[in-house]
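Asker: My structure file my_file_23.cif, mmCIF, C-alpha atoms and all ligand atoms, is below:
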data_upload
#
loop_
_atom_site.label_atom_id
_atom_site.label_comp_id
_atom_site.auth_asym_id
_atom_site.auth_seq_id
_atom_site.Cartn_x
_atom_site.Cartn_y
_atom_site.Cartn_z
CA MET T 67 80.88 126.12 126.50
CA LYS T 68 83.22 123.51 125.06
CA VAL T 69 84.99 124.88 122.03
CA LYS T 70 86.11 122.38 119.47
CA SER T 71 89.84 122.70 119.05
CA ARG T 72 91.65 122.78 115.78
CA PHE T 73 93.10 119.38 116.65
CA ASP T 74 89.85 117.56 117.43
CA ARG T 75 89.43 115.02 114.73
CA THR T 76 86.31 112.95 114.88
CA PHE T 77 86.43 110.43 112.13
CA ASP T 78 82.98 110.98 110.90
CA ARG T 79 81.70 110.78 107.37
CA GLU T 80 82.01 114.54 107.04
CA LEU T 81 85.76 114.54 107.62
CA LEU T 82 86.31 111.52 105.38
CA GLN T 83 84.27 113.22 102.65
CA GLU T 84 86.50 116.28 103.02
CA ILE T 85 89.60 114.11 102.65
CA LYS T 86 88.07 112.45 99.59
CA GLU T 87 87.42 115.80 97.94
CA LYS T 88 90.99 116.88 98.61
CA LEU T 89 92.31 113.60 97.22
CA ASP T 90 90.37 114.24 94.01
CA GLN T 91 92.34 117.48 93.76
CA GLY T 92 95.64 115.71 94.43
CA LEU T 93 95.92 116.83 98.06
CA LEU T 94 96.03 114.91 101.34
CA PRO T 95 96.34 115.97 104.98
CA GLN T 96 99.83 115.57 106.40
CA TRP T 97 98.48 114.24 109.72
CA LEU T 98 97.04 111.12 108.17
CA GLN T 99 100.56 109.67 108.24
CA THR T 100 100.74 109.30 111.98
CA ASP T 101 97.41 110.19 113.57
CA PRO T 102 96.83 107.59 116.34
CA ASP T 103 93.06 107.43 115.73
CA ILE T 104 93.62 106.75 112.06
CA TYR T 105 96.06 104.04 113.00
CA GLU T 106 93.44 102.30 115.13
CA LEU T 107 91.01 102.40 112.20
CA GLU T 108 93.66 101.00 109.88
CA VAL T 109 94.36 98.01 112.09
CA LYS T 110 90.65 97.35 112.46
CA HIS T 111 89.39 97.96 108.95
CA ILE T 112 92.36 97.41 106.67
CA PHE T 113 94.76 94.92 108.24
CA SER T 114 92.00 92.67 109.54
CA ARG T 115 90.41 92.30 106.10
CA THR T 116 93.11 92.34 103.44
CA TRP T 117 95.60 89.70 102.29
CA GLN T 118 99.02 89.89 103.90
CA PHE T 119 102.19 88.20 102.75
CA LEU T 120 103.49 85.50 105.11
CA GLY T 121 106.32 83.83 103.23
CA HIS T 122 107.41 81.82 100.23
CA GLU T 123 106.91 78.10 99.69
CA SER T 124 110.65 77.61 99.18
CA GLU T 125 111.21 78.58 102.84
CA LEU T 126 109.42 75.39 103.87
CA LYS T 127 110.98 72.45 102.07
CA GLN T 128 110.68 69.43 104.37
CA PRO T 129 107.84 68.22 106.58
CA GLY T 130 108.29 69.90 109.95
CA ASP T 131 109.96 73.02 108.50
CA TYR T 132 108.46 76.11 110.07
CA VAL T 133 108.87 79.88 110.19
CA THR T 134 107.32 82.41 112.55
CA ARG T 135 105.74 85.55 111.11
CA TRP T 136 103.38 88.39 111.99
CA MET T 137 100.20 89.92 110.67
CA VAL T 138 100.55 93.30 112.43
CA ASN T 139 99.94 92.11 116.03
CA ASP T 140 98.90 88.53 115.35
CA PRO T 141 101.82 86.11 115.68
CA VAL T 142 101.76 83.43 112.99
CA LEU T 143 103.32 79.98 112.81
CA LEU T 144 103.70 78.68 109.24
CA VAL T 145 104.43 74.99 109.06
CA LYS T 146 104.78 72.23 106.49
CA THR T 147 102.84 69.16 107.56
CA ASN T 148 103.73 65.52 106.94
CA SER T 149 101.36 65.46 103.98
CA GLY T 150 103.26 68.41 102.44
CA GLU T 151 100.54 70.97 103.08
CA ILE T 152 101.41 74.44 104.40
CA LYS T 153 99.36 75.47 107.40
CA ALA T 154 99.22 78.74 109.31
CA PHE T 155 98.28 78.89 112.97
CA LEU T 156 98.10 81.64 115.49
CA ASN T 157 101.46 81.32 117.26
CA SER T 158 99.79 81.43 120.65
CA CYS T 159 99.23 78.43 122.87
CA THR T 160 95.60 77.44 123.41
CA HIS T 161 96.28 76.98 127.15
CA ARG T 162 97.31 80.45 128.36
CA GLY T 163 98.27 82.08 125.13
CA THR T 164 102.03 82.55 125.24
CA HIS T 165 103.98 82.23 122.01
CA LEU T 166 104.08 78.56 121.25
CA CYS T 167 107.15 78.78 119.06
CA THR T 168 109.80 81.39 119.77
CA ALA T 169 112.42 80.70 117.11
CA ASP T 170 112.39 82.43 113.70
CA PHE T 171 112.63 79.15 111.81
CA GLY T 172 113.58 75.52 112.17
CA ASN T 173 112.34 71.97 111.82
CA LYS T 174 110.30 70.13 114.45
CA LYS T 175 108.19 67.04 114.79
CA THR T 176 106.10 68.61 117.52
CA PHE T 177 105.79 72.05 119.11
CA THR T 178 106.05 72.08 122.90
CA CYS T 179 104.90 75.20 124.68
CA PRO T 180 107.60 76.76 126.90
CA PHE T 181 105.03 77.79 129.58
CA HIS T 182 103.37 74.57 130.85
CA GLY T 183 104.58 72.08 128.31
CA TRP T 184 101.49 71.33 126.20
CA SER T 185 102.56 69.89 122.88
CA PHE T 186 101.03 70.08 119.42
CA ASN T 187 101.72 68.16 116.23
CA LEU T 188 102.40 69.62 112.78
CA ASP T 189 98.66 69.64 112.05
CA GLY T 190 98.10 71.80 115.12
CA LYS T 191 96.46 69.02 117.16
CA LEU T 192 97.05 68.96 120.90
CA ILE T 193 98.82 65.67 121.53
CA GLY T 194 100.37 66.02 124.96
CA ILE T 195 99.40 67.61 128.28
CA VAL T 196 101.77 67.59 131.23
CA ALA T 197 100.18 65.53 134.02
CA GLY T 198 97.22 65.01 131.63
CA ASN T 199 94.53 62.90 133.25
CA LYS T 200 95.80 63.61 136.76
CA VAL T 201 94.95 67.29 136.53
CA TYR T 202 92.26 67.56 133.85
CA GLY T 203 90.66 64.16 134.21
CA GLU T 204 88.74 62.38 131.45
CA ALA T 205 86.64 65.47 130.77
CA MET T 206 89.44 67.17 128.92
CA ASP T 207 88.95 66.53 125.22
CA LYS T 208 92.26 67.27 123.53
CA GLU T 209 90.52 67.53 120.15
CA GLU T 210 88.89 70.76 121.32
CA TRP T 211 92.19 72.47 122.10
CA SER T 212 93.98 72.39 118.77
CA LEU T 213 95.93 75.42 117.58
CA ARG T 214 93.82 78.20 116.10
CA PRO T 215 94.19 78.37 112.32
CA ILE T 216 94.59 81.70 110.51
CA PRO T 217 91.13 81.99 108.92
CA ARG T 218 92.34 82.10 105.29
CA VAL T 219 95.61 80.98 103.71
CA GLU T 220 96.08 81.02 99.94
CA VAL T 221 99.11 80.76 97.68
CA TYR T 222 99.93 82.48 94.41
CA GLU T 223 102.96 81.17 92.47
CA GLY T 224 104.78 80.25 95.66
CA LEU T 225 103.79 83.39 97.60
CA ILE T 226 101.84 82.49 100.75
CA PHE T 227 99.27 84.97 102.00
CA GLY T 228 97.03 85.01 105.04
CA ASN T 229 93.82 86.86 105.74
CA LEU T 230 92.14 87.34 109.12
CA ASP T 231 88.72 87.77 107.50
CA PRO T 232 86.97 84.47 106.72
CA GLN T 233 84.69 86.36 104.28
CA ALA T 234 87.51 88.01 102.32
CA MET T 235 87.49 87.75 98.52
CA PRO T 236 89.78 85.02 97.12
CA LEU T 237 93.47 85.98 96.91
CA GLN T 238 93.60 85.75 93.11
CA GLU T 239 90.64 88.08 92.78
CA TYR T 240 92.23 90.51 95.25
CA LEU T 241 95.53 90.55 93.34
CA GLY T 242 93.70 91.07 90.04
CA GLY T 243 95.86 92.57 87.28
CA LEU T 244 98.91 92.64 89.56
CA LYS T 245 99.39 88.91 88.86
CA TRP T 246 100.18 89.67 85.20
CA TYR T 247 103.15 91.86 86.25
CA TRP T 248 104.28 89.50 89.01
CA ASP T 249 104.31 86.66 86.50
CA ILE T 250 107.11 88.49 84.63
CA PHE T 251 109.42 87.51 87.49
CA LEU T 252 107.49 84.73 89.25
CA LYS T 253 106.77 82.63 86.18
CA ARG T 254 109.55 83.50 83.74
CA SER T 255 111.81 80.60 84.77
CA ASP T 256 111.10 76.90 85.16
CA GLY T 257 110.47 76.30 88.84
CA GLY T 258 109.81 79.99 89.56
CA MET T 259 111.71 81.93 92.22
CA GLU T 260 113.27 80.74 95.45
CA VAL T 261 114.18 82.48 98.67
CA ARG T 262 117.87 82.60 99.59
CA GLY T 263 118.76 83.03 103.24
CA MET T 264 116.28 84.22 105.81
CA PRO T 265 114.34 87.47 105.55
CA GLN T 266 116.32 90.28 107.14
CA ARG T 267 114.44 92.47 109.61
CA TRP T 268 114.99 95.91 111.00
CA ILE T 269 112.99 98.68 112.60
CA VAL T 270 112.45 102.13 111.15
CA ASN T 271 110.69 105.09 112.74
CA THR T 272 108.17 105.68 110.02
CA ASN T 273 104.63 104.84 109.01
CA TRP T 274 103.69 101.89 106.78
CA LYS T 275 101.97 104.15 104.23
CA CYS T 276 105.16 106.09 103.67
CA THR T 277 107.11 102.98 102.64
CA LEU T 278 104.21 101.52 100.68
CA GLU T 279 104.08 104.73 98.65
CA ASN T 280 107.83 104.86 98.23
CA PHE T 281 107.98 101.53 96.44
CA GLY T 282 104.52 101.89 94.90
CA GLY T 283 104.86 105.06 92.94
CA ASP T 284 107.86 107.22 93.75
CA PRO T 285 110.60 106.83 91.15
CA TYR T 286 110.65 110.66 91.34
CA HIS T 287 112.67 110.48 94.59
CA VAL T 288 115.45 108.39 93.10
CA PRO T 289 117.81 111.02 91.59
CA SER T 290 117.64 113.18 94.76
CA VAL T 291 117.60 110.71 97.64
CA HIS T 292 120.04 108.35 95.95
CA LYS T 293 122.29 111.09 94.58
CA SER T 294 125.31 109.37 96.09
CA THR T 295 124.80 106.48 93.64
CA VAL T 296 124.84 108.99 90.78
CA GLU T 297 128.08 110.41 92.19
CA MET T 298 129.58 106.93 92.43
CA GLY T 299 128.64 106.24 88.82
CA ILE T 300 126.20 103.43 89.73
CA SER T 301 123.16 105.42 88.52
CA PRO T 302 122.90 107.68 85.46
CA SER T 303 123.24 111.46 85.94
CA ASP T 304 120.16 112.32 83.84
CA PRO T 305 117.61 113.57 86.45
CA LEU T 306 114.85 111.95 84.39
CA TYR T 307 116.47 108.51 84.37
CA SER T 308 113.96 106.86 86.68
CA SER T 309 111.00 108.43 84.84
CA TYR T 310 111.37 106.40 81.65
CA GLY T 311 108.79 103.66 81.40
CA HIS T 312 105.24 103.29 82.65
CA GLN T 313 103.42 103.68 85.93
CA VAL T 314 100.43 101.36 86.16
CA VAL T 315 97.48 101.84 88.50
CA LEU T 316 95.62 98.63 89.39
CA GLU T 317 92.54 97.69 91.42
CA HIS T 318 92.56 97.40 95.23
CA GLY T 319 95.32 99.99 95.68
CA HIS T 320 98.01 97.95 93.90
CA CYS T 321 100.51 99.65 91.60
CA VAL T 322 103.54 98.91 89.45
CA ASN T 323 106.30 100.97 87.85
CA VAL T 324 108.06 99.43 84.90
CA ASN T 325 111.26 101.37 84.15
CA VAL T 326 113.26 101.21 80.95
CA ALA T 327 116.70 102.56 80.00
CA SER T 328 117.12 106.24 79.10
CA PRO T 329 116.50 107.02 75.41
CA GLY T 330 119.66 106.33 73.44
CA ALA T 331 121.28 104.33 76.26
CA LYS T 332 122.56 100.80 75.68
CA GLN T 333 119.84 98.15 76.13
CA THR T 334 120.35 95.34 78.62
CA PRO T 335 117.83 92.71 77.51
CA TYR T 336 115.88 90.79 80.14
CA GLN T 337 117.44 92.67 83.04
CA GLY T 338 120.92 91.39 82.24
CA LEU T 339 120.03 87.75 82.94
CA PRO T 340 122.28 85.28 81.07
CA GLU T 341 121.41 84.42 77.50
CA GLU T 342 121.10 80.74 78.28
CA MET T 343 118.01 81.60 80.34
CA TRP T 344 116.26 83.48 77.55
CA PRO T 345 114.65 80.46 75.79
CA MET T 346 113.04 79.64 79.15
CA PHE T 347 111.55 83.14 79.42
CA GLU T 348 110.31 82.89 75.86
CA ARG T 349 108.62 79.61 76.65
CA ASN T 350 107.03 80.66 79.93
CA LEU T 351 105.75 84.18 79.23
CA THR T 352 103.23 85.59 76.79
CA LYS T 353 104.24 87.73 73.82
CA GLU T 354 103.02 90.86 75.63
CA GLN T 355 104.91 90.05 78.84
CA LEU T 356 108.09 89.37 76.87
CA GLU T 357 107.75 92.65 75.01
CA ILE T 358 107.73 94.49 78.33
CA PHE T 359 110.29 92.30 80.10
CA TYR T 360 112.84 92.58 77.26
CA LYS T 361 113.17 96.35 77.79
CA THR T 362 112.68 96.48 81.56
CA THR T 363 115.42 97.74 83.84
CA VAL T 364 113.37 97.84 87.07
CA ILE T 365 109.93 96.56 88.09
CA VAL T 366 108.93 98.05 91.42
CA GLY T 367 105.56 98.39 93.06
CA SER T 368 103.24 97.68 95.94
CA CYS T 369 100.52 95.22 96.78
CA PHE T 370 98.11 96.95 99.16
CA PRO T 371 98.29 97.14 102.15
CA ASN T 372 101.86 96.30 103.16
CA LEU T 373 103.77 94.24 100.63
CA SER T 374 106.16 95.83 98.14
CA PHE T 375 108.36 94.24 95.50
CA HIS T 376 111.43 95.40 93.68
CA CYS T 377 113.06 93.57 90.81
CA PRO T 378 115.91 95.81 89.68
CA ILE T 379 119.11 95.57 87.74
CA HIS T 380 121.95 96.93 89.81
CA GLY T 381 125.61 97.44 89.26
CA SER T 382 128.19 96.60 91.88
CA GLU T 383 131.84 95.60 91.56
CA GLY T 384 131.56 96.14 87.80
CA HIS T 385 128.71 93.62 87.35
CA LEU T 386 125.03 94.05 86.74
CA HIS T 387 122.75 91.94 88.91
CA ASN T 388 119.10 91.19 88.83
CA TYR T 389 117.15 89.82 91.79
CA LEU T 390 113.78 90.15 93.44
CA THR T 391 113.22 91.54 96.89
CA LEU T 392 109.88 91.32 98.67
CA ARG T 393 109.18 93.73 101.48
CA VAL T 394 106.64 93.56 104.25
CA TRP T 395 106.08 96.83 106.08
CA ARG T 396 104.75 95.53 109.38
CA PRO T 397 103.20 98.32 111.42
CA LEU T 398 104.35 98.46 115.04
CA GLY T 399 102.30 101.58 115.71
CA PRO T 400 101.58 104.80 113.85
CA GLU T 401 105.24 105.84 113.87
CA LYS T 402 107.14 102.61 113.70
CA ILE T 403 107.47 99.69 111.29
CA GLU T 404 109.39 96.47 111.18
CA ILE T 405 110.77 95.90 107.71
CA TRP T 406 110.98 92.29 106.51
CA SER T 407 113.08 91.89 103.39
CA TRP T 408 113.35 88.66 101.37
CA PHE T 409 115.86 87.96 98.63
CA LEU T 410 114.60 85.80 95.77
CA ILE T 411 116.23 84.59 92.57
CA ASP T 412 115.28 82.29 89.71
CA LYS T 413 115.54 78.70 90.92
CA ALA T 414 116.86 77.72 87.48
CA ALA T 415 119.62 80.37 87.46
CA PRO T 416 123.29 79.29 87.52
CA GLU T 417 124.65 79.07 91.08
CA GLU T 418 127.30 81.71 90.44
CA LEU T 419 124.65 84.21 89.34
CA LYS T 420 122.63 83.50 92.49
CA GLU T 421 125.62 84.20 94.71
CA ASN T 422 126.65 87.38 92.87
CA ALA T 423 123.09 88.68 92.82
CA TYR T 424 122.83 88.08 96.57
CA LYS T 425 125.94 90.20 97.13
CA GLY T 426 124.47 92.86 94.83
CA TYR T 427 121.30 92.90 96.93
CA ILE T 428 123.18 93.10 100.24
CA SER T 429 125.21 96.07 99.04
CA SER T 430 122.22 97.98 97.64
CA PHE T 431 118.95 97.05 99.37
CA GLY T 432 119.90 94.97 102.39
CA PRO T 433 119.67 96.77 105.76
CA SER T 434 123.17 98.17 105.31
CA GLY T 435 122.81 98.77 101.56
CA THR T 436 123.73 102.13 100.10
CA LEU T 437 120.27 102.83 98.71
CA GLU T 438 118.46 101.53 101.79
CA MET T 439 120.22 103.92 104.14
CA ASP T 440 119.25 106.96 102.06
CA ASP T 441 115.55 106.04 102.15
CA THR T 442 115.36 105.20 105.85
CA GLU T 443 116.48 108.64 106.93
CA ILE T 444 113.97 110.43 104.70
CA TRP T 445 111.04 108.20 105.77
CA ALA T 446 111.71 108.96 109.43
CA ARG T 447 111.72 112.70 108.75
CA VAL T 448 108.37 112.53 106.91
CA VAL T 449 106.80 111.06 110.03
CA GLN T 450 108.47 113.52 112.41
CA ALA T 451 107.23 116.49 110.43
CA SER T 452 103.67 115.14 110.31
CA LYS T 453 103.37 115.57 114.10
CA GLY T 454 103.96 119.32 114.25
CA THR T 455 101.28 121.76 115.38
CA MET T 456 100.75 123.24 111.93
CA ALA T 457 100.71 119.83 110.27
CA ARG T 458 98.14 118.52 112.76
CA ASP T 459 95.52 121.19 112.22
CA ARG T 460 92.19 119.49 111.57
CA HIS T 461 91.17 122.12 109.05
CA LEU T 462 92.53 121.10 105.73
CA SER T 463 94.42 124.05 104.38
CA TYR T 464 97.59 124.97 102.55
CA ASN T 465 99.41 124.64 105.90
CA ASN T 466 98.89 120.89 106.23
CA LEU T 467 98.31 119.32 102.84
CA TYR T 468 100.67 117.13 100.86
CA ASN T 469 100.99 117.59 97.13
CA TYR T 470 100.05 114.55 95.02
CA MET T 471 99.34 116.51 91.86
CA MET T 472 102.13 115.36 89.56
CA GLY T 473 100.74 114.47 86.14
CA MET T 474 97.13 115.47 86.92
CA GLY T 475 95.45 116.98 83.88
CA LYS T 476 98.76 116.70 82.02
CA VAL T 477 99.57 113.04 81.46
CA GLU T 478 97.01 110.80 79.74
CA PRO T 479 96.95 106.98 79.93
CA ASP T 480 98.78 105.07 77.22
CA THR T 481 96.04 103.02 75.59
CA SER T 482 98.54 100.96 73.58
CA TRP T 483 100.04 99.43 76.77
CA PRO T 484 99.61 95.65 76.49
CA GLY T 485 99.22 94.87 80.21
CA PRO T 486 96.25 95.25 82.60
CA GLY T 487 95.52 98.42 84.58
CA THR T 488 95.71 102.08 83.63
CA ALA T 489 99.23 102.76 82.36
CA TYR T 490 100.79 106.23 82.17
CA PRO T 491 103.76 106.71 79.85
CA THR T 492 106.12 108.03 82.55
CA CYS T 493 106.90 107.16 86.17
CA TYR T 494 107.12 110.81 87.29
CA VAL T 495 103.41 110.97 88.08
CA ASP T 496 101.33 110.59 91.25
CA PHE T 497 98.58 108.36 89.87
CA ALA T 498 99.77 105.34 91.88
CA PHE T 499 99.69 107.35 95.12
CA ARG T 500 96.17 108.47 94.49
CA GLY T 501 95.16 104.87 93.70
CA ILE T 502 96.64 103.69 97.03
CA HIS T 503 94.85 106.39 99.00
CA LYS T 504 91.57 105.97 97.18
CA TYR T 505 91.40 102.32 98.24
CA TRP T 506 92.72 103.19 101.72
CA LEU T 507 89.89 105.69 102.11
CA GLU T 508 87.33 103.26 100.76
CA LEU T 509 88.23 100.60 103.35
CA LEU T 510 88.52 103.10 106.17
CA SER T 511 85.16 104.68 105.32
CA GLN T 512 83.39 101.35 105.73
CA GLY T 513 84.25 101.47 109.40
CA VAL T 514 83.10 105.01 110.07
CA GLU T 515 79.54 106.04 110.93
S1 LIG T 601 100.51 78.53 127.94
FE1 LIG T 601 101.14 76.87 126.72
S2 LIG T 601 101.10 75.20 128.05
FE2 LIG T 601 100.43 76.83 129.26
FE FE T 602 114.68 104.98 97.49
#
As C-alpha cells - that is how I would like this structure written.
Answerer:
Amino acid sequence: MKVKSRFDRTFDRELLQEIKEKLDQGLLPQWLQTDPDIYELEVKHIFSRTWQFLGHESELKQPGDYVTRWMVNDPVLLVKTNSGEIKAFLNSCTHRGTHLCTADFGNKKTFTCPFHGWSFNLDGKLIGIVAGNKVYGEAMDKEEWSLRPIPRVEVYEGLIFGNLDPQAMPLQEYLGGLKWYWDIFLKRSDGGMEVRGMPQRWIVNTNWKCTLENFGGDPYHVPSVHKSTVEMGISPSDPLYSSYGHQVVLEHGHCVNVNVASPGAKQTPYQGLPEEMWPMFERNLTKEQLEIFYKTTVIVGSCFPNLSFHCPIHGSEGHLHNYLTLRVWRPLGPEKIEIWSWFLIDKAAPEELKENAYKGYISSFGPSGTLEMDDTEIWARVVQASKGTMARDRHLSYNNLYNYMMGMGKVEPDTSWPGPGTAYPTCYVDFAFRGIHKYWLELLSQGVE
C-alpha cells in the first residue's frame, strides 16, 4: 500500500483551504516560500495575469530608443516608435525565436536578428529577409511575420506596465487606491519623476515573496537588520523609530507604509526637498496628500506581485537626500531572483540635488549600499531555512508555520486617515503581509481544482 508521506503536497482545494484558515489566524507554512510546485502555480496563475512594471517613459526619449526587459521568463523589447508611441514586443524573433535584441538599451532605426538576419522596424513590422524572394518566393507575406506584441501595455504617470493576459482588468483599476499614494511622489512636481542612469541589476538567492514582503510591510526589521546604520548615527537609536506612521492595506495585495519622525524629533518638511520646490507641491497635490507628505520621512511599499517602491530621506556625508527607487523582483526560480533597481528624482529638481541624491542612493540602496547588503543576507537565509525537513512537513503545525500575528486583535484601523485603504496607526503590524498573502492565495486558488 502506498503511504502518503509527510512531504506529499497535492495542491488541492483542501490544502489551500487549510492555508487560508491558518492565514486568518496569522500563520503561514514556511514551505510556501520555495516549494517548486507552488512556484509553477505562481508563474501560471499570478505572473501571467497581473500587471508587471517594465520601465519609465523617461528611459525612452527619442524615436528608436529601446530597452530590453523581462516579465519572469518572457523577454520584452520596449521601443519608442517614430510617432512617439511606446510599444512592447516579445523580444524573440518570429523566424526561429532567438532574442532579437541583445543589448540592454540603445537607439536603432531597425532591429536585425543576429541569427539569420531578418529585420524589423520600430513598429515591429518585418521589413527585410535575407535572400527574400529567392528562398521564400512570392508566397511569403511579410505582413504576417511581424513581432509579437505583449498583449497589454498601459502607462500610469510615466510608469509603463505590461500584462500577458488580454482579459486583465485595466491598469488603473488594478492599482486602485495605490495611485493616491504614488501621486505623492509621481505627481508632486511639474513634469513628474525621471529615471537617472540605467536600472542596476543583481541576483540574490531568495524568493520574490520574501522581498515583496520586506518592502511591503516590514519596517519592523529595520532597527535589527540595519543596526549598523544606528551605530554609525545614520538612523535613530529608538527601536520604535520605524514604527511611527501608518501602514495601509489596499486592494489586490498592494500595501504602503508611510513613516514619520519619532515623537519630539525635529521635523523635516516634505522629505527635506528644497523650499523652492514647495509651491509646486502645494499646487500639484490635494490638501489631504499634502497633509501626509509634509510629515513623511519614508514612503515604502509594494505593488503586487513584484514591484516595490521606496521613497526615503537618507543621510550621507552630512546631507539628507530624498529620491525614489523602484524595484522589480524578477523570479528566476523558486529560490532565485534578479533585482532590478531604478533611481528616480523630480524632473524639476535642481541639478545639484539630483546628483547628490543619486550618490545618497548608491551608498544606501544601490547593490553595494550599506542597507542593501544587510537585507540580502537575511533574505537568502529565509529561503535556505524554508527547505529543511521540519520546515517542509505538509502538516501545518507549530514546527513549520511563520508568525504573521503582529497587531492582530490589538491594533484597530485609524478611521481619521485621509487616504484610501485600511490604515493602521503604526507600521509595526502584519496587516500588509496578510493582505499580500490573501490576494496571493485568491489568485492561486483559481488555478487549483
Ligand atoms: S531567428 Fe531571427 S532571423 Fe532566424
Ligand atoms: Fe531592510
Asker: Collect all residues with atoms no farther than 6 Å from ligand LIG 601 (chain T), counting only C-alpha atoms and all ligand atoms, and output them as an NGL selection string.
Answerer: :T and (159 or 161-164 or 179 or 181-184)
Asker: Return the single residue from T:His287, T:His376, T:Arg115, T:His318 that is closest to ligand FE 602 (chain T), with distances computed using all atoms listed in the file.
Answerer: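 Nearest to ligand FE 602 (chain T): T:His287.
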Asker: Check which residues of chain T sit at most 10 Å from ligand FE 602 (chain T) using only C-alpha atoms and all ligand atoms, and return one row each with the closest pair of atoms and their distance in Å to one decimal, ordered by chain and rising number, as JSON lines.
Answerer:
{"residue": "T:Thr277", "atom": "CA", "partner": "T:FE602", "partner_atom": "FE", "distance": 9.4}
{"residue": "T:Asn280", "atom": "CA", "partner": "T:FE602", "partner_atom": "FE", "distance": 6.9}
{"residue": "T:Phe281", "atom": "CA", "partner": "T:FE602", "partner_atom": "FE", "distance": 7.6}
{"residue": "T:Asp284", "atom": "CA", "partner": "T:FE602", "partner_atom": "FE", "distance": 8.1}
{"residue": "T:Pro285", "atom": "CA", "partner": "T:FE602", "partner_atom": "FE", "distance": 7.8}
{"residue": "T:Tyr286", "atom": "CA", "partner": "T:FE602", "partner_atom": "FE", "distance": 9.3}
{"residue": "T:His287", "atom": "CA", "partner": "T:FE602", "partner_atom": "FE", "distance": 6.5}
{"residue": "T:Val288", "atom": "CA", "partner": "T:FE602", "partner_atom": "FE", "distance": 5.6}
{"residue": "T:Pro289", "atom": "CA", "partner": "T:FE602", "partner_atom": "FE", "distance": 9.0}
{"residue": "T:Ser290", "atom": "CA", "partner": "T:FE602", "partner_atom": "FE", "distance": 9.1}
{"residue": "T:Val291", "atom": "CA", "partner": "T:FE602", "partner_atom": "FE", "distance": 6.4}
{"residue": "T:His292", "atom": "CA", "partner": "T:FE602", "partner_atom": "FE", "distance": 6.5}
{"residue": "T:Phe431", "atom": "CA", "partner": "T:FE602", "partner_atom": "FE", "distance": 9.2}
{"residue": "T:Thr436", "atom": "CA", "partner": "T:FE602", "partner_atom": "FE", "distance": 9.8}
{"residue": "T:Leu437", "atom": "CA", "partner": "T:FE602", "partner_atom": "FE", "distance": 6.1}
{"residue": "T:Glu438", "atom": "CA", "partner": "T:FE602", "partner_atom": "FE", "distance": 6.7}
{"residue": "T:Met439", "atom": "CA", "partner": "T:FE602", "partner_atom": "FE", "distance": 8.7}
{"residue": "T:Asp440", "atom": "CA", "partner": "T:FE602", "partner_atom": "FE", "distance": 6.8}
{"residue": "T:Asp441", "atom": "CA", "partner": "T:FE602", "partner_atom": "FE", "distance": 4.9}
{"residue": "T:Thr442", "atom": "CA", "partner": "T:FE602", "partner_atom": "FE", "distance": 8.4}
{"residue": "T:Ile444", "atom": "CA", "partner": "T:FE602", "partner_atom": "FE", "distance": 9.1}
{"residue": "T:Trp445", "atom": "CA", "partner": "T:FE602", "partner_atom": "FE", "distance": 9.6}
Asker: Tell me, as number ranges by chain, which residues lie within 12 Å of Gln83 of chain T, counting all atoms listed in the file; anything in the same chain fewer than 5 positions away does not count.
Answerer: T: 77-78, 88-90, 94, 462, 504, 507-508, 510-511, 514-515
Asker: What does the distance between atom CA of Glu478 of chain T and atom CA of Asp496 of chain T come to in Å, to one decimal place?
Answerer: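 The value is 12.3 Å.
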Asker: Place a sphere of radius 6 Å on (125.2, 87.1, 87.1) in the file coordinates and name every protein, DNA or RNA residue with an atom inside or on its surface, counting all atoms listed in the file; give the answer as a ChimeraX atom specification.
Answerer: /T:387,419,422
Asker: With only C-alpha atoms as the basis for distance, which of T:Phe375, T:Phe171, T:Phe177, T:Phe227 is at the shortest distance from Gln118 of chain T?
Answerer: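 Between T:Phe375, T:Phe171, T:Phe177, T:Phe227, the residue approaching Gln118 of chain T most closely is T:Phe227.
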Asker: Quick one: pull the distance between atom CA of Ile216 of chain T and atom CA of Gly228 of chain T, Å, one decimal.
Answerer: 6.8 Å
Asker: Here is a test: counting only C-alpha atoms, which residue of T:Leu120, T:Ala498, T:Val326, T:Leu373 is nearest to Leu278 of chain T?
Answerer: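 The shortest atom-to-atom distance to Leu278 of chain T comes from T:Leu373.
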Asker: Do a neighbour search on segment 145-154 of chain T at 10 Å with only C-alpha atoms, toss out local chain neighbours closer than 4 positions, and write the hits as a ChimeraX atom specification.
Answerer: /T:120,123,125-135,171-175,187-190,213-221,226-228
Asker: Can you patch up segment 160-167 of chain T, filling it in to N, CA and C atoms, and show the result as a short mmCIF file (atom, residue, chain, number, x, y, z; two decimals), in the frame of the given file?
Answerer:
data_model
loop_
_atom_site.label_atom_id
_atom_site.label_comp_id
_atom_site.auth_asym_id
_atom_site.auth_seq_id
_atom_site.Cartn_x
_atom_site.Cartn_y
_atom_site.Cartn_z
N THR T 160 97.03 77.41 123.07
CA THR T 160 95.60 77.44 123.41
C THR T 160 95.37 77.32 124.92
N HIS T 161 96.45 77.06 125.69
CA HIS T 161 96.28 76.98 127.15
C HIS T 161 96.20 78.38 127.75
N ARG T 162 97.32 79.10 127.79
CA ARG T 162 97.31 80.45 128.36
C ARG T 162 97.90 81.49 127.42
N GLY T 163 98.05 81.08 126.15
CA GLY T 163 98.27 82.08 125.13
C GLY T 163 99.69 82.57 124.86
N THR T 164 100.69 82.04 125.56
CA THR T 164 102.03 82.55 125.24
C THR T 164 102.44 82.08 123.84
N HIS T 165 103.49 82.69 123.31
CA HIS T 165 103.98 82.23 122.01
C HIS T 165 104.34 80.77 122.12
N LEU T 166 103.78 79.99 121.22
CA LEU T 166 104.08 78.56 121.25
C LEU T 166 105.50 78.33 120.77
N CYS T 167 105.85 79.02 119.67
CA CYS T 167 107.15 78.78 119.06
C CYS T 167 107.91 80.11 119.05
#
